[in-house]
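Input: a single structure, listed below in structure tokens.
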There are 2 protein chains.
Amino acid sequence: MSTTRRARQKVTVTADLVILTIRDGELSVLLVERANDPFAGELALPGGFLRGRESLLDTARRELAEETGLDPSTFHLDQVGVYSAPDRDPRDPRVITCAYLAIAPDLPMPTAGSDARAARWSSVADALRTGLAFDHDGILRDAVDLARVEVQFTTVATAFCDAEFTIGDLRAVYEVVWGVELDKPNFHRKVTDAAGFIEPTGGKRPTPNGRPAALYRAGPADSLSPPMMRPRSS
Amino acid sequence: MSTTRRARQKVTVTADLVILTIRDGELSVLLVERANDPFAGELALPGGFLRGRESLLDTARRELAEETGLDPSTFHLDQVGVYSAPDRDPRDPRVITCAYLAIAPDLPMPTAGSDARAARWSSVADALRTGLAFDHDGILRDAVDLARVEVQFTTVATAFCDAEFTIGDLRAVYEVVWGVELDKPNFHRKVTDAAGFIEPTGGKRPTPNGRPAALYRAGPADSLSPPMMRPRSS
DNA sequence: AGAATAGTGTCTGTAAGACAGTATTTG
DNA sequence: CAAATACTGTCTTACAGACACTATTCT
């Protein structure tokens, strides 16, 4: 932290959110359609300006509550990183953003109780194919990469599920996030043996045609050791 | 990225550096003694203000060059994270910083050709015992945690070594960074089997009293799969 | 020769991956 | 009963960890 006064400048800071969920078997992200320039009419990640005496995490939590209408303390939020390229905002060369990754269950949204902007779910593949405003393509890619690593080493995969879920639900999370197929028997053994990952509730969920699946809830552990193994080709 | 103008504010942004190396068998960090308030006379991480049209990575690289007098392109730089608590700088509630981790070999410094500030190496343990200015204790802890993870999954451990190094040198890096003892034979087999991690130069380095060790250089791989296994109790 | 350090071989336990087989439901 | 889905058992292979052993240098 230099003490020279030379060339010190003030910049605008925002927090942007990558809210991921799984909808219809696809990894999906919450996007907003921009009402104003720059990039009016294009899709972008939700986000907002750092205000008052907030930390950036506070900003992210506040925006998350505004977008989803839900209690932000129920979400898992991780810092993805800072994006500070000088021309990422064409109207002001000095706007930097800090991106946060939020992982959510399949919500009954879009965004009851949100602010006026049109928010919608989009599959990550579509979003990257179509392209997003600013440098949000890169942010989204980085956030998805982070999510892939996080589900491997932590128990956040359960944050994609409802409060009660089956092992099949959890396996679907890994298959969608990693884009692979996993062996059902081995997955079952692995997650039931991982201490603190999931706990049986005692309940069962009927299946259309077959043996009902036991229900589980998230366990107390945060990290997984040994981690979930991702099939090679990382 | 909201388009409302309400409560938008400008803040001062800095990049702080956690430059780690191994000196005398201890994980060490480059610190500067602050000349001015706040925290005049205390030790802090080197850093400086975002200038002109730089990205924060540019700022970090520039500061790194100023502190070490070396070509910044030779260093490995990783973003640790953003620190934006509202009162982390007692004189201005709106100074946020982005911390970067740099990994360096044991340099012939302190800081030939650096700017006027008194820079010195300190062991990480001492730095955390004594305490640093601002929130730099927490930043240092986070950066060390990141380094511990990075050496596990990437080949950056070689960045702690000189251009040519022995397997014993590399093992010492892991032992110091992780604070553990590793089995020599197993470590040797593991790193020589890891594709692209290290390459033999053909040379040998004499030892004071014993068989000379073969010399290696860093290989082309960036990531290690399978990763280096860290003894349990993570 | 003996001490010291580098490097190899071999055994064992653990866990991942493949997959056969069993259990529990609906029609 | 057949079909479908959930779950269990077992075999194989890969690899981490322990550690005995060999190799090459110096005094």
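By convention in this document, the chains of the structure tokens carry letters A, B, ... by their order, each chain's residues are numbered from 1, and ligands are numbered from 1 in the order they are shown.
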
Stretch 36-171 of chain A: which residues are strand (DSSP E or B) by DSSP, as a PyMOL selection string? chain A and resi 43-44+47-49+76-83+95-103+119-123+154+165-166

Could you produce a table of the residues of chain B lying within 7 Å of chain D, with the nearest pair of atoms per residue and their separation in Å rounded to one decimal, using only C-alpha atoms (C1' of nucleotides), ordered by chain and increasing residue number, as CSV?
residue,atom,partner,partner_atom,distance
B:Asn209,CA,D:DC26,C1',4.9
B:Gly210,CA,D:DT25,C1',4.5
B:Arg211,CA,D:DT25,C1',4.1
B:Pro212,CA,D:DT25,C1',6.3

Filtered DSSP result for stretch 59-224 of chain B, state alpha helix (DSSP H), as a ChimeraX atom specification: /B:59-68,124-130,136-153,167-178,184-193

Polymer residues at most 6 Å from stretch 192-205 of chain B, only C-alpha atoms (C1' of nucleotides), same-chain spacing of 2 or more positions, as number ranges by chain: B: 189-190, 212-221

Please find the residues of chain A near chain B - the criterion being any atom within 8 Å, counting only C-alpha atoms - and write them as a PDB file with C-alpha atoms, in the first residue's frame.
ATOM      1  CA  MET A   1       0.000   0.000   0.000  1.00  0.00           C
ATOM      2  CA  SER A   2       1.927   2.944  -1.309  1.00  0.00           C
ATOM      3  CA  THR A   3       1.845   6.261   0.368  1.00  0.00           C
ATOM      4  CA  ALA A   7      -1.745   9.102  -9.959  1.00  0.00           C
ATOM      5  CA  ARG A   8      -4.141   7.885  -7.313  1.00  0.00           C
ATOM      6  CA  GLN A   9      -7.563   7.750  -8.821  1.00  0.00           C
ATOM      7  CA  LYS A  10     -11.034   6.807  -7.751  1.00  0.00           C
ATOM      8  CA  VAL A  11     -13.012   4.179  -9.574  1.00  0.00           C
ATOM      9  CA  THR A  12     -16.541   2.861  -9.609  1.00  0.00           C
ATOM     10  CA  VAL A  13     -16.969  -0.619  -8.170  1.00  0.00           C
ATOM     11  CA  THR A  14     -19.753  -3.112  -8.718  1.00  0.00           C
ATOM     12  CA  ALA A  15     -20.549  -6.621  -7.568  1.00  0.00           C
ATOM     13  CA  ASP A  16     -21.908  -8.970 -10.232  1.00  0.00           C
ATOM     14  CA  ALA A  35     -32.753  -1.399 -19.802  1.00  0.00           C
ATOM     15  CA  ASN A  36     -30.121   1.306 -20.343  1.00  0.00           C
ATOM     16  CA  ALA A  44     -26.082  -9.425 -18.581  1.00  0.00           C
ATOM     17  CA  LEU A  45     -25.331 -10.801 -15.166  1.00  0.00           C
ATOM     18  CA  PRO A  46     -27.270  -9.113 -12.374  1.00  0.00           C
ATOM     19  CA  GLY A  47     -25.229  -6.805 -10.231  1.00  0.00           C
ATOM     20  CA  GLY A  48     -25.049  -3.399  -8.690  1.00  0.00           C
ATOM     21  CA  PHE A  49     -22.906  -0.670  -7.273  1.00  0.00           C
ATOM     22  CA  LEU A  50     -21.093  -0.750  -3.997  1.00  0.00           C
ATOM     23  CA  ARG A  51     -23.004   1.529  -1.658  1.00  0.00           C
ATOM     24  CA  GLY A  52     -22.429   3.386   1.560  1.00  0.00           C
ATOM     25  CA  ARG A  53     -20.354   1.399   4.010  1.00  0.00           C
ATOM     26  CA  GLU A  54     -20.993  -2.017   2.528  1.00  0.00           C
ATOM     27  CA  SER A  55     -18.379  -4.611   1.789  1.00  0.00           C
ATOM     28  CA  LEU A  56     -18.604  -6.107  -1.680  1.00  0.00           C
ATOM     29  CA  GLN A  79     -15.892 -14.760  -4.639  1.00  0.00           C
ATOM     30  CA  GLY A  81     -12.572 -12.706  -8.791  1.00  0.00           C
ATOM     31  CA  VAL A  82     -12.055  -9.132  -9.816  1.00  0.00           C
ATOM     32  CA  SER A  84     -10.545  -4.646 -13.958  1.00  0.00           C
ATOM     33  CA  ALA A  85      -9.589  -4.410 -17.627  1.00  0.00           C
ATOM     34  CA  PRO A  86      -9.589  -0.690 -18.432  1.00  0.00           C
ATOM     35  CA  PRO A  93     -12.816   3.168 -18.434  1.00  0.00           C
ATOM     36  CA  ARG A  94     -12.667   2.920 -14.668  1.00  0.00           C
ATOM     37  CA  CYS A  98     -16.038  -8.298  -8.317  1.00  0.00           C
TER      38      CYS A  98
END

Enumerate, in order of chain and increasing residue number, the residues of chain C with an atom no farther than 9 Å from chain B, each with its shortest atom pair and distance in Å to one decimal, counting only C-alpha atoms (C1' of nucleotides), as a tab-separated table.
residue	atom	partner	partner_atom	distance
C:DA3	C1'	B:Asn209	CA	8.0
C:DA4	C1'	B:Gly210	CA	4.9
C:DT5	C1'	B:Gly210	CA	4.4
C:DA6	C1'	B:Arg211	CA	5.6
C:DG7	C1'	B:Pro185	CA	7.3
C:DT8	C1'	B:Pro185	CA	8.2

How would the residues just chosen look if you wrote them out with N, CA, C and O atoms (P, O5', C5', C4', C3', O3' and C1' of nucleotides) as a JSON list (two decimals), in the first residue's frame?
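Saved file part02.json follows:
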[["chain", "number", "residue", "atom", "x", "y", "z"],
["C", 3, "DA", "P", 29.89, -45.57, 10.14],
["C", 3, "DA", "O5'", 29.46, -44.10, 9.73],
["C", 3, "DA", "C5'", 30.46, -43.09, 9.70],
["C", 3, "DA", "C4'", 30.02, -41.98, 8.78],
["C", 3, "DA", "C3'", 28.52, -41.67, 8.84],
["C", 3, "DA", "O3'", 28.37, -40.26, 8.84],
["C", 3, "DA", "C1'", 29.15, -42.10, 6.62],
["C", 4, "DA", "P", 26.95, -39.60, 9.27],
["C", 4, "DA", "O5'", 26.41, -39.04, 7.88],
["C", 4, "DA", "C5'", 27.21, -38.15, 7.12],
["C", 4, "DA", "C4'", 26.69, -38.12, 5.72],
["C", 4, "DA", "C3'", 25.15, -38.00, 5.61],
["C", 4, "DA", "O3'", 24.83, -36.83, 4.90],
["C", 4, "DA", "C1'", 26.00, -39.61, 4.12],
["C", 5, "DT", "P", 23.38, -36.12, 5.14],
["C", 5, "DT", "O5'", 22.75, -36.07, 3.67],
["C", 5, "DT", "C5'", 23.53, -35.64, 2.59],
["C", 5, "DT", "C4'", 23.19, -36.44, 1.36],
["C", 5, "DT", "C3'", 21.69, -36.52, 1.04],
["C", 5, "DT", "O3'", 21.44, -35.90, -0.21],
["C", 5, "DT", "C1'", 22.79, -38.58, 0.71],
["C", 6, "DA", "P", 20.02, -35.91, -0.93],
["C", 6, "DA", "O5'", 20.23, -37.03, -2.03],
["C", 6, "DA", "C5'", 21.27, -36.89, -2.98],
["C", 6, "DA", "C4'", 21.10, -37.86, -4.13],
["C", 6, "DA", "C3'", 19.69, -37.93, -4.72],
["C", 6, "DA", "O3'", 19.83, -38.02, -6.13],
["C", 6, "DA", "C1'", 20.31, -40.06, -3.84],
["C", 7, "DG", "P", 18.55, -38.03, -7.10],
["C", 7, "DG", "O5'", 18.12, -39.56, -7.08],
["C", 7, "DG", "C5'", 18.90, -40.50, -7.83],
["C", 7, "DG", "C4'", 18.41, -41.89, -7.52],
["C", 7, "DG", "C3'", 16.97, -42.21, -7.94],
["C", 7, "DG", "O3'", 17.02, -43.16, -8.99],
["C", 7, "DG", "C1'", 17.54, -43.14, -5.84],
["C", 8, "DT", "P", 15.71, -43.87, -9.58],
["C", 8, "DT", "O5'", 15.69, -45.25, -8.79],
["C", 8, "DT", "C5'", 16.73, -46.18, -9.00],
["C", 8, "DT", "C4'", 16.33, -47.55, -8.50],
["C", 8, "DT", "C3'", 15.00, -48.09, -9.03],
["C", 8, "DT", "O3'", 15.19, -49.47, -9.36],
["C", 8, "DT", "C1'", 14.97, -48.10, -6.67]]

Using only C-alpha atoms (C1' of nucleotides), which protein or nucleic acid residues come within 6 Å of stretch 121-124 of chain A? Drop anything in the same chain fewer than 6 positions from it, and give the result as a ChimeraX atom specification. /A:27-30

Those residues with N, CA and C atoms, as a CSV table (one decimal), in the first residue's frame please?
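The resulting part-v3.csv:
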chain,number,residue,atom,x,y,z
A,27,LEU,N,-27.5,-26.9,-16.6
A,27,LEU,CA,-26.9,-25.9,-15.8
A,27,LEU,C,-27.4,-24.5,-16.3
A,28,SER,N,-28.0,-23.7,-15.4
A,28,SER,CA,-28.7,-22.5,-15.8
A,28,SER,C,-28.2,-21.3,-15.0
A,29,VAL,N,-28.3,-20.1,-15.5
A,29,VAL,CA,-27.8,-18.9,-14.9
A,29,VAL,C,-28.9,-17.8,-15.0
A,30,LEU,N,-29.0,-17.0,-13.9
A,30,LEU,CA,-30.0,-15.9,-13.9
A,30,LEU,C,-29.4,-14.7,-14.7

Need to verify the contact set: B:Ala159, 7 Å, only C-alpha atoms (C1' of nucleotides), exclusion of same-chain residues closer than 2 positions in sequence. Can you return it as a JSON list (two decimals) with C-alpha atoms, in the first residue's frame?
[["chain", "number", "residue", "atom", "x", "y", "z"],
["B", 103, "ILE", "CA", 5.92, -17.09, -5.81],
["B", 104, "ALA", "CA", 9.62, -16.44, -6.13],
["B", 105, "PRO", "CA", 12.87, -18.35, -5.80],
["B", 156, "VAL", "CA", 4.04, -23.82, -9.32],
["B", 157, "ALA", "CA", 6.13, -25.43, -6.61],
["B", 161, "CYS", "CA", 13.16, -23.12, -6.94]]

State, in Å with one decimal place, the distance from atom CA of A:Ile22 to atom CA of A:Val177. 8.6 Å

Can you tell me, as a count of residues only, what residues are no more than 7 Å from stretch 145-152 of chain A when counting only C-alpha atoms (C1' of nucleotides), ignoring any on the same chain fewer than 6 positions away? 5

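Nearest residue to A:Tyr100 among A:Ala163, A:Leu70, A:Leu20, A:Val176 is A:Leu20, counting only C-alpha atoms.
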
Could you work out how far atom CA of B:Val191 lies from atom C1' of C:DC11, giving the answer in Å with one decimal?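 For atom C1' of C:DC11 relative to atom CA of B:Val191, the distance reads 20.9 Å.
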